[in-house]
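The file target-v4.cif contains mmCIF, C-alpha atoms and all ligand atoms:
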```cif
data_entry
loop_
_atom_site.label_atom_id
_atom_site.label_comp_id
_atom_site.auth_asym_id
_atom_site.auth_seq_id
_atom_site.Cartn_x
_atom_site.Cartn_y
_atom_site.Cartn_z
CA MET B 1 -30.67 65.71 -192.22
CA SER B 2 -28.93 64.51 -189.01
CA SER B 3 -25.30 65.46 -188.38
CA PRO B 4 -22.58 62.87 -189.05
CA ILE B 5 -21.62 60.55 -186.20
CA ILE B 6 -17.91 61.09 -187.05
CA SER B 7 -16.58 64.37 -188.37
CA ILE B 8 -12.91 64.92 -189.11
CA ASP B 9 -11.93 68.36 -190.31
CA HIS B 10 -8.44 68.94 -191.78
CA ALA B 11 -6.74 66.70 -189.21
CA ASN B 12 -2.96 66.37 -189.05
CA PHE B 13 -0.80 64.14 -186.93
CA SER B 14 2.97 63.62 -186.96
CA TYR B 15 5.03 61.17 -184.94
CA VAL B 16 8.27 62.59 -183.59
CA THR B 17 10.95 60.02 -182.84
CA PHE B 18 14.59 60.15 -181.93
CA THR B 19 16.86 57.82 -183.87
CA LYS B 20 19.22 55.69 -181.80
CA GLN B 21 22.70 54.79 -182.99
CA SER B 22 24.16 51.44 -182.04
CA GLY B 23 27.07 50.79 -179.68
CA PHE B 24 28.53 52.73 -176.79
CA SER B 25 29.96 55.55 -178.93
CA GLY B 26 26.59 55.89 -180.68
CA ALA B 27 24.79 56.11 -177.33
CA TRP B 28 27.38 58.69 -176.13
CA HIS B 29 26.88 60.71 -179.34
CA ASP B 30 23.06 60.52 -178.96
CA LEU B 31 23.36 61.94 -175.45
CA PHE B 32 24.50 65.28 -176.87
CA HIS B 33 23.24 65.26 -180.47
CA ARG B 34 19.90 63.53 -180.65
CA GLN B 35 18.66 63.08 -184.22
CA LYS B 36 14.99 63.91 -184.42
CA SER B 37 12.82 62.52 -187.18
CA THR B 38 9.23 63.40 -187.96
CA VAL B 39 6.71 61.21 -189.78
CA ALA B 40 3.63 63.01 -191.06
CA ALA B 41 1.25 60.04 -190.63
CA VAL B 42 -2.02 61.93 -191.20
CA GLN B 43 -2.01 64.97 -193.44
CA ASP B 44 -4.97 67.31 -193.80
CA ILE B 45 -7.60 64.57 -193.74
CA SER B 46 -11.28 65.47 -193.67
CA LEU B 47 -13.87 62.72 -193.44
CA GLN B 48 -17.47 62.36 -192.37
CA VAL B 49 -19.30 59.18 -191.47
CA ASN B 50 -23.05 58.85 -190.96
CA ARG B 51 -24.73 56.71 -188.33
CA GLY B 52 -25.23 53.13 -189.48
CA GLU B 53 -22.57 53.27 -192.19
CA ILE B 54 -19.80 50.73 -192.74
CA LEU B 55 -16.71 52.59 -193.91
CA GLY B 56 -13.61 50.77 -195.14
CA LEU B 57 -10.20 52.41 -194.81
CA LEU B 58 -7.83 51.27 -197.53
CA GLY B 59 -4.13 51.98 -197.80
CA ALA B 60 -0.74 50.34 -198.18
CA ASN B 61 1.42 49.49 -195.14
CA GLY B 62 2.34 52.71 -193.35
CA ALA B 63 -0.31 54.77 -195.17
CA GLY B 64 -1.77 56.14 -191.93
CA LYS B 65 -4.92 54.04 -191.41
CA THR B 66 -4.14 52.96 -187.85
CA THR B 67 -3.14 56.51 -186.91
CA LEU B 68 -6.45 57.77 -188.26
CA ILE B 69 -8.29 55.19 -186.14
CA LYS B 70 -6.22 56.29 -183.13
CA LEU B 71 -7.30 59.91 -183.71
CA MET B 72 -10.96 58.86 -183.91
CA THR B 73 -10.79 56.74 -180.76
CA GLY B 74 -8.86 59.25 -178.63
CA ILE B 75 -5.64 57.23 -178.38
CA LEU B 76 -3.82 60.15 -180.06
CA PRO B 77 -4.73 63.85 -180.27
CA ALA B 78 -4.73 65.63 -183.64
CA ASN B 79 -1.85 68.14 -183.85
CA THR B 80 -4.09 70.48 -185.81
CA GLY B 81 -7.59 70.21 -187.21
CA ASP B 82 -10.67 68.89 -185.51
CA VAL B 83 -11.94 65.38 -184.74
CA ARG B 84 -15.45 65.01 -183.28
CA LEU B 85 -17.67 62.03 -182.66
CA PHE B 86 -21.36 62.17 -181.72
CA THR B 87 -21.42 65.84 -182.86
CA ASP B 88 -19.56 67.39 -179.93
CA GLN B 89 -17.29 64.78 -178.32
CA VAL B 90 -13.54 65.30 -178.66
CA PRO B 91 -12.13 61.74 -178.51
CA PHE B 92 -8.83 62.60 -176.81
CA ARG B 93 -10.69 63.97 -173.76
CA LYS B 94 -11.67 60.34 -173.13
CA GLN B 95 -14.85 61.17 -171.22
CA PRO B 96 -16.33 57.97 -169.72
CA ALA B 97 -19.65 58.70 -171.45
CA PHE B 98 -17.77 58.84 -174.75
CA LEU B 99 -15.75 55.65 -174.15
CA GLN B 100 -19.00 53.84 -173.33
CA ARG B 101 -20.23 54.58 -176.86
CA ILE B 102 -17.27 53.24 -178.85
CA GLY B 103 -15.70 49.79 -179.25
CA VAL B 104 -12.15 49.34 -180.51
CA MET B 105 -10.21 46.33 -181.73
CA LEU B 106 -6.65 46.98 -182.85
CA SER B 107 -4.78 44.09 -184.44
CA GLN B 108 -1.58 45.01 -182.56
CA LYS B 109 -3.17 45.24 -179.11
CA SER B 110 -4.93 42.59 -177.04
CA GLN B 111 -7.51 43.18 -174.32
CA LEU B 112 -7.47 39.53 -173.24
CA ALA B 113 -5.47 38.30 -170.24
CA TRP B 114 -3.15 35.61 -171.66
CA ASP B 115 -3.32 33.08 -168.82
CA LEU B 116 -7.00 33.45 -167.99
CA PRO B 117 -10.13 32.32 -169.85
CA ALA B 118 -11.69 35.01 -172.06
CA LEU B 119 -14.71 34.95 -169.77
CA ASP B 120 -12.64 36.51 -166.96
CA THR B 121 -11.67 39.49 -169.12
CA LEU B 122 -15.28 39.84 -170.23
CA VAL B 123 -16.52 39.82 -166.62
CA LEU B 124 -13.98 42.55 -165.86
CA LEU B 125 -15.32 44.57 -168.79
CA ARG B 126 -18.87 43.99 -167.48
CA GLU B 127 -17.85 45.71 -164.24
CA ILE B 128 -15.96 48.53 -165.99
CA TYR B 129 -18.92 49.32 -168.23
CA HIS B 130 -21.53 48.70 -165.49
CA ILE B 131 -23.46 46.24 -167.64
CA PRO B 132 -26.44 44.64 -165.83
CA HIS B 133 -25.80 40.90 -165.33
CA ASP B 134 -28.85 39.67 -167.26
CA GLN B 135 -28.07 41.90 -170.20
CA PHE B 136 -24.43 40.79 -170.14
CA ASN B 137 -25.30 37.08 -170.04
CA ASN B 138 -27.83 37.27 -172.89
CA TRP B 139 -25.61 39.37 -175.13
CA LEU B 140 -22.54 37.23 -174.45
CA ALA B 141 -24.48 34.04 -175.21
CA PHE B 142 -25.63 35.58 -178.48
CA LEU B 143 -22.15 36.79 -179.49
CA THR B 144 -20.36 33.52 -178.69
CA LYS B 145 -23.03 31.51 -180.52
CA GLU B 146 -22.89 33.71 -183.62
CA LEU B 147 -19.08 33.57 -183.70
CA ALA B 148 -19.00 29.84 -182.86
CA VAL B 149 -16.79 30.14 -179.76
CA THR B 150 -19.15 29.19 -176.91
CA PRO B 151 -17.16 26.03 -175.98
CA GLN B 152 -13.96 28.10 -175.69
CA LEU B 153 -15.28 30.63 -173.12
CA HIS B 154 -13.61 28.80 -170.23
CA VAL B 155 -10.34 27.92 -171.99
CA PRO B 156 -7.22 29.96 -171.08
CA VAL B 157 -6.53 32.45 -173.88
CA ARG B 158 -3.03 31.08 -174.49
CA LYS B 159 -4.59 27.75 -175.50
CA LEU B 160 -6.93 29.24 -178.12
CA SER B 161 -6.26 29.24 -181.85
CA LEU B 162 -5.54 32.63 -183.46
CA GLY B 163 -8.99 32.71 -185.03
CA GLN B 164 -10.72 31.96 -181.71
CA ARG B 165 -8.65 34.61 -179.96
CA ILE B 166 -9.54 37.24 -182.56
CA LYS B 167 -13.22 36.39 -182.18
CA PHE B 168 -12.94 36.95 -178.41
CA GLU B 169 -11.13 40.26 -179.03
CA LEU B 170 -14.10 41.23 -181.18
CA ILE B 171 -16.52 40.16 -178.43
CA CYS B 172 -14.55 42.35 -175.95
CA ALA B 173 -14.97 45.32 -178.30
CA LEU B 174 -18.71 44.64 -178.59
CA ILE B 175 -19.63 43.61 -175.06
CA HIS B 176 -20.95 47.06 -174.03
CA ARG B 177 -22.94 47.43 -177.29
CA PRO B 178 -21.06 50.43 -178.68
CA GLU B 179 -22.65 52.74 -181.22
CA ILE B 180 -19.43 52.87 -183.26
CA LEU B 181 -17.11 49.91 -183.72
CA PHE B 182 -13.52 50.47 -184.89
CA LEU B 183 -11.73 47.44 -186.31
CA ASP B 184 -8.11 47.57 -187.41
CA GLU B 185 -7.32 44.49 -189.52
CA PRO B 186 -9.91 42.31 -187.78
CA THR B 187 -9.24 39.20 -189.84
CA ILE B 188 -5.48 39.31 -190.24
CA GLY B 189 -3.97 35.81 -190.26
CA ILE B 190 -7.19 33.86 -189.89
CA ASP B 191 -8.60 31.23 -192.21
CA VAL B 192 -11.14 32.02 -194.91
CA SER B 193 -14.09 30.32 -193.21
CA SER B 194 -13.53 32.24 -189.93
CA GLN B 195 -13.11 35.43 -191.96
CA ALA B 196 -16.39 34.76 -193.73
CA ASN B 197 -18.06 34.05 -190.37
CA ILE B 198 -16.80 37.34 -188.89
CA TYR B 199 -17.82 39.42 -191.90
CA ARG B 200 -21.25 37.78 -192.15
CA PHE B 201 -21.77 38.49 -188.45
CA LEU B 202 -20.66 42.14 -188.76
CA LYS B 203 -22.95 42.72 -191.71
CA GLN B 204 -25.91 41.28 -189.81
CA LEU B 205 -25.05 43.34 -186.71
CA ASN B 206 -24.88 46.52 -188.76
CA HIS B 207 -28.19 45.69 -190.41
CA ASP B 208 -30.00 44.78 -187.16
CA THR B 209 -28.62 47.47 -184.82
CA GLN B 210 -27.46 50.29 -187.13
CA MET B 211 -24.04 50.05 -185.47
CA THR B 212 -21.56 52.23 -187.36
CA ILE B 213 -18.45 50.26 -188.33
CA ILE B 214 -15.07 51.62 -189.40
CA LEU B 215 -12.63 48.98 -190.54
CA THR B 216 -9.26 48.63 -192.16
CA SER B 217 -8.25 45.57 -194.12
CA HIS B 218 -5.72 44.65 -196.74
CA ASN B 219 -8.21 42.13 -198.05
CA THR B 220 -10.10 44.11 -200.68
CA LYS B 221 -12.62 41.31 -201.19
CA ASP B 222 -13.74 41.76 -197.57
CA ILE B 223 -13.96 45.50 -197.93
CA GLU B 224 -15.93 45.15 -201.14
CA ALA B 225 -18.32 42.70 -199.51
CA LEU B 226 -18.85 44.75 -196.37
CA ALA B 227 -18.22 48.46 -196.75
CA GLN B 228 -20.82 50.73 -198.31
CA ARG B 229 -18.14 53.40 -198.70
CA VAL B 230 -14.34 53.50 -198.68
CA ALA B 231 -11.69 56.10 -197.98
CA VAL B 232 -8.31 55.46 -199.58
CA VAL B 233 -5.29 56.82 -197.73
CA ASN B 234 -1.86 57.09 -199.30
CA HIS B 235 1.23 58.55 -197.60
CA GLY B 236 -0.99 60.11 -194.91
CA LYS B 237 -3.38 61.81 -197.34
CA LYS B 238 -6.89 60.89 -198.34
CA ILE B 239 -6.84 60.34 -202.09
CA PHE B 240 -10.34 58.97 -202.61
CA GLU B 241 -13.67 58.75 -200.82
CA GLY B 242 -16.72 57.02 -202.26
CA THR B 243 -18.02 53.58 -203.18
CA THR B 244 -15.73 50.78 -204.36
CA THR B 245 -17.51 50.77 -207.72
CA GLY B 246 -16.91 54.53 -207.90
CA LEU B 247 -13.23 53.93 -207.16
CA ILE B 248 -13.01 51.31 -209.89
CA SER B 249 -14.79 53.41 -212.49
CA ARG B 250 -12.68 56.46 -211.64
CA TYR B 251 -9.30 54.75 -212.00
CA ALA B 252 -9.97 51.74 -214.24
CA THR B 253 -8.82 52.98 -217.60
CA VAL B 254 -6.78 50.14 -219.03
CA PRO B 255 -7.24 46.38 -218.87
CA ILE B 256 -5.12 44.07 -216.76
CA LEU B 257 -2.96 41.30 -218.17
CA GLU B 258 -2.66 38.12 -216.10
CA ILE B 259 0.62 36.45 -216.94
CA VAL B 260 1.57 32.89 -216.00
CA THR B 261 5.30 32.09 -216.20
CA ASP B 262 7.26 28.85 -216.06
CA GLY B 263 9.17 30.05 -212.97
CA PRO B 264 9.42 32.99 -210.55
CA LEU B 265 10.75 36.33 -211.84
CA THR B 266 14.01 37.45 -210.24
CA HIS B 267 13.09 41.13 -210.14
CA ILE B 268 9.51 42.35 -209.68
CA PRO B 269 8.98 46.08 -210.33
CA VAL B 270 6.66 47.92 -207.95
CA HIS B 271 3.86 48.27 -210.55
CA VAL B 272 3.66 44.49 -211.02
CA ARG B 273 1.39 42.57 -208.68
CA GLN B 274 2.57 39.08 -207.80
CA VAL B 275 -0.39 36.78 -207.21
CA ASP B 276 1.77 33.69 -206.63
CA PRO B 277 5.37 32.76 -207.61
CA THR B 278 4.45 32.15 -211.25
CA HIS B 279 1.39 34.39 -211.65
CA TYR B 280 1.70 38.14 -212.19
CA GLU B 281 -0.67 40.98 -213.03
CA VAL B 282 0.26 44.10 -214.85
CA ASP B 283 -1.52 47.14 -216.25
CA ALA B 284 -1.67 46.53 -220.04
CA THR B 285 0.12 49.79 -220.85
CA THR B 286 3.16 48.83 -218.79
CA LEU B 287 3.66 45.35 -220.27
CA ALA B 288 6.77 46.50 -222.12
CA THR B 289 8.50 47.34 -218.81
CA LEU B 290 8.06 43.80 -217.42
CA PRO B 291 11.55 42.28 -217.13
CA ILE B 292 10.60 38.96 -218.62
CA ASP B 293 11.95 36.75 -221.37
CA PRO B 294 8.92 36.01 -223.65
CA ARG B 295 9.98 32.33 -223.68
CA GLN B 296 9.14 32.22 -219.93
CA ILE B 297 5.48 33.13 -220.56
CA LEU B 298 3.07 30.18 -220.47
CA SER B 299 -0.14 32.16 -220.88
CA VAL B 300 -1.55 35.70 -220.94
CA ASN B 301 -5.14 36.52 -220.08
CA ARG B 302 -6.74 39.94 -220.44
CA ARG B 303 -9.43 41.18 -218.04
CA ASN B 304 -10.95 44.44 -216.89
CA SER B 305 -9.24 46.29 -214.04
CA ASP B 306 -10.42 45.47 -210.48
CA LEU B 307 -9.95 46.98 -207.03
CA ASP B 308 -6.69 45.13 -206.24
CA ALA B 309 -5.13 46.21 -209.52
CA ILE B 310 -6.19 49.82 -209.03
CA LEU B 311 -4.84 49.95 -205.48
CA THR B 312 -1.53 48.38 -206.55
CA GLN B 313 -1.26 51.11 -209.16
CA LEU B 314 -2.24 53.93 -206.75
CA PHE B 315 0.05 52.75 -203.94
CA SER B 316 3.04 52.27 -206.24
CA GLU B 317 3.08 55.99 -206.95
CA GLU B 318 5.95 57.93 -205.35
CA ALA B 319 5.49 59.47 -201.92
CA PRO B 320 5.12 63.23 -202.21
CA LYS B 321 8.09 65.16 -200.78
CA ARG B 322 7.51 66.21 -197.18
N1 LIG B 401 4.60 55.06 -182.67
C1 LIG B 401 5.14 55.50 -183.82
N2 LIG B 401 6.26 56.25 -183.80
C2 LIG B 401 6.79 56.72 -184.95
N3 LIG B 401 6.25 56.51 -186.18
C3 LIG B 401 5.13 55.77 -186.25
C4 LIG B 401 4.52 55.22 -185.07
N4 LIG B 401 3.40 54.53 -185.45
C5 LIG B 401 3.33 54.64 -186.80
N5 LIG B 401 4.36 55.38 -187.27
C6 LIG B 401 4.61 55.74 -188.68
O1 LIG B 401 3.47 56.46 -189.15
C7 LIG B 401 3.14 56.07 -190.47
C8 LIG B 401 1.69 55.59 -190.52
O2 LIG B 401 1.61 54.40 -189.74
P1 LIG B 401 0.22 53.63 -189.52
O3 LIG B 401 0.47 52.55 -188.53
O4 LIG B 401 -0.85 54.62 -189.21
O5 LIG B 401 -0.04 53.01 -190.98
P2 LIG B 401 -1.07 51.91 -191.46
O6 LIG B 401 -1.72 52.44 -192.69
O7 LIG B 401 -1.98 51.50 -190.36
O8 LIG B 401 -0.09 50.72 -191.85
P3 LIG B 401 -0.29 49.11 -191.75
O9 LIG B 401 -1.21 48.73 -192.87
O10 LIG B 401 1.10 48.62 -191.99
O11 LIG B 401 -0.82 48.79 -190.40
C9 LIG B 401 4.15 55.02 -190.88
O12 LIG B 401 5.16 55.66 -191.63
C10 LIG B 401 4.72 54.51 -189.56
O13 LIG B 401 6.07 54.12 -189.69
#
```

Take the structure in the file and write it out as structure tokens.
Ligand SMILES: Nc1ncnc2c1ncn2[C@@H]1O[C@H](COP(=O)(O)OP(=O)(O)OP(=O)(O)O)[C@@H](O)[C@H]1O
Amino acid sequence: MSSPIISIDHANFSYVTFTKQSGFSGAWHDLFHRQKSTVAAVQDISLQVNRGEILGLLGANGAGKTTLIKLMTGILPANTGDVRLFTDQVPFRKQPAFLQRIGVMLSQKSQLAWDLPALDTLVLLREIYHIPHDQFNNWLAFLTKELAVTPQLHVPVRKLSLGQRIKFELICALIHRPEILFLDEPTIGIDVSSQANIYRFLKQLNHDTQMTIILTSHNTKDIEALAQRVAVVNHGKKIFEGTTTGLISRYATVPILEIVTDGPLTHIPVHVRQVDPTHYEVDATTLATLPIDPRQILSVNRRNSDLDAILTQLFSEEAPKR
């Protein structure tokens, strides 16, 4: 059997920051007594990904997903442990031959020049990656057609809609035909039809080219539709690895109650999932802890536990002491 395309072995990464106090006296105090704080963002994570797989990274805000992607793409070095791609490449060495083989799209970072058309950035990338002109033109025509942004190629980026901009960010990450594509929240803030378009396209690309895709998303429906396997990260640690159905069958023990109220609740405990201002979901065993006057309840519906409910439950658990 061939070796995994990504292999992470007991990786750890901590951010070290210095807190800043406000005001002149605070700045003066900081000059002599700097307060250091450490955040263990990735803790002893091991993970292997095979060529051609789509792996979803799931986790609450601050769980460590982006940091894990940064370790895999060489933006950050692991403090301890080992991260290798393509069997022997250490990402943080940032060898040109390695960078040529990966594509990265981070939701917080843009590759596109704001005042110029996306085409200008793409032409720059063509030169950086030494892509032959014919190959570049054909591939770009295909990508823009599939993502329905051909008419926007010549429009300055600042005049594009968010969805169009994200599609061009994706095209930038794909323009050199990487073997592994890393996507951090690729569909954040874009409408459902553009999301569906992007996910349909990624699925087809993975099927046709065997491109390995690692993606994070808070939208579990997308992850369920796309990823063959998921890794769940909580407080920097991997707490599950397997299929989404495996995740559901492992943690789904009790049914979920869907409760519709006549008005919003004033206090929502962490184990209660708010679907909209008058629609809540709660694990059936914790119904008694819901701070609700029974007269407020309009309806209760019982259903089997799903991925969202399980993740809400898992992520509401206390952070382990560091
Ligand atoms: N540059 C930084 N300096 C200090 N701490 C950081 C830095 N970047 C992230 N962190 C901290 O590291 C932890 C993990 O952050 P990370 O961005 O990896 O989480 P995430 O799972 O991607 O979250 P989100 O879903 O909100 O994007 C968080 O506690 C965060 O506050």

Protein and nucleic acid residues within 8 Å of ligand LIG 401 (chain B) (all atoms listed in the file) as a list in words: Ser14, Tyr15, Val16, Thr17, Thr38, Val39, Ala40, Ala41, Val42, Leu58, Gly59, Ala60, Asn61, Gly62, Ala63, Gly64, Lys65, Thr66, Thr67, Leu68, Asp184, Glu185, Ser217, His218, Val233, His235 and Gly236 of chain B

Give me the box for stretch 48-58 of chain B as AutoDock Vina command-line options, namely the centre and edge lengths in Å to one decimal of a box along x, y and z that holds every listed atom plus 6 Å on each side.
```
--center_x -16.5 --center_y 56.5 --center_z -192.9 --size_x 29.4 --size_y 23.6 --size_z 21.2
```

Nearest candidate to B:Thr187 (options B:Leu265, B:Ala225, B:Leu215, B:Val157; using only C-alpha atoms):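 For B:Thr187, the nearest of the given residues is B:Leu215.
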
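In this structure, atom CA of B:Leu143 sits 9.3 Å away from atom CA of B:Phe168.
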
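Of note, atom CA of B:Ile128 and atom CA of B:Arg177 are spaced 13.3 Å apart.
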
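Put simply, atom CA of B:Trp139 is 11.5 Å away from atom CA of B:Cys172.
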
Selection near B:Ser107, 12 Å with all atoms listed in the file, sequence-local residues under 6 positions removed, as a count of residues only: 21

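Closest to B:His154 among B:Leu290, B:Leu122, B:Ile131, B:Ile175 is B:Leu122, based on only C-alpha atoms.
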
Answer as number ranges by chain, residues within 7 Å of (9.6, 30.3, -209.9) using all atoms listed in the file: B: 262-265, 277-278

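Residue nearest B:Phe201, chosen from B:Phe142, B:Phe18, B:Phe315, B:Phe240 and counting only C-alpha atoms: B:Phe142.
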
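Closest to B:Ala97 among B:Gln313, B:Lys70, B:Pro178, B:Thr243 is B:Pro178, based on only C-alpha atoms.
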
Cut-off 12 Å around (-3.4, 38.0, -205.9) with all atoms listed in the file: residues as a list of chain:residue names: B:His218, B:Asn219, B:Thr220, B:Lys221, B:Glu258, B:Ile259, B:Val272, B:Arg273, B:Gln274, B:Val275, B:Asp276, B:Pro277, B:Thr278, B:His279, B:Tyr280, B:Glu281, B:Val282, B:Asp306, B:Leu307, B:Asp308, B:Ala309, B:Thr312

If we count only C-alpha atoms, what is near B:Glu53 at a cut-off of 8 Å, once residues fewer than 6 positions away on the same chain are taken out, given as an mmCIF file with C-alpha atoms, in the coordinates of the input?
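Below you can see result.cif, which holds the result:
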```cif
data_model
loop_
_atom_site.group_PDB
_atom_site.id
_atom_site.type_symbol
_atom_site.label_atom_id
_atom_site.label_comp_id
_atom_site.auth_asym_id
_atom_site.auth_seq_id
_atom_site.Cartn_x
_atom_site.Cartn_y
_atom_site.Cartn_z
ATOM 1 C CA ASN B 206 -24.880 46.520 -188.760
ATOM 2 C CA GLN B 210 -27.460 50.290 -187.130
ATOM 3 C CA MET B 211 -24.040 50.050 -185.470
ATOM 4 C CA THR B 212 -21.560 52.230 -187.360
ATOM 5 C CA ILE B 213 -18.450 50.260 -188.330
ATOM 6 C CA ALA B 227 -18.220 48.460 -196.750
ATOM 7 C CA GLN B 228 -20.820 50.730 -198.310
ATOM 8 C CA ARG B 229 -18.140 53.400 -198.700
#
```

Proximity to B:Ala148 - best of B:Ile198, B:Leu205, B:Val104, B:Leu125, all atoms listed in the file: B:Ile198

Selected residue, from B:Ala252, B:Val123, B:Leu116, B:Leu247, that lies nearest to B:Val155 when counting only C-alpha atoms: B:Leu116

Shell around B:Lys20 at 10 Å using all atoms listed in the file, local window under 5 positions removed, as a list in words: Gly26, Ala27, His29, Asp30, Leu31, Arg34, Gln35 and Lys36 of chain B
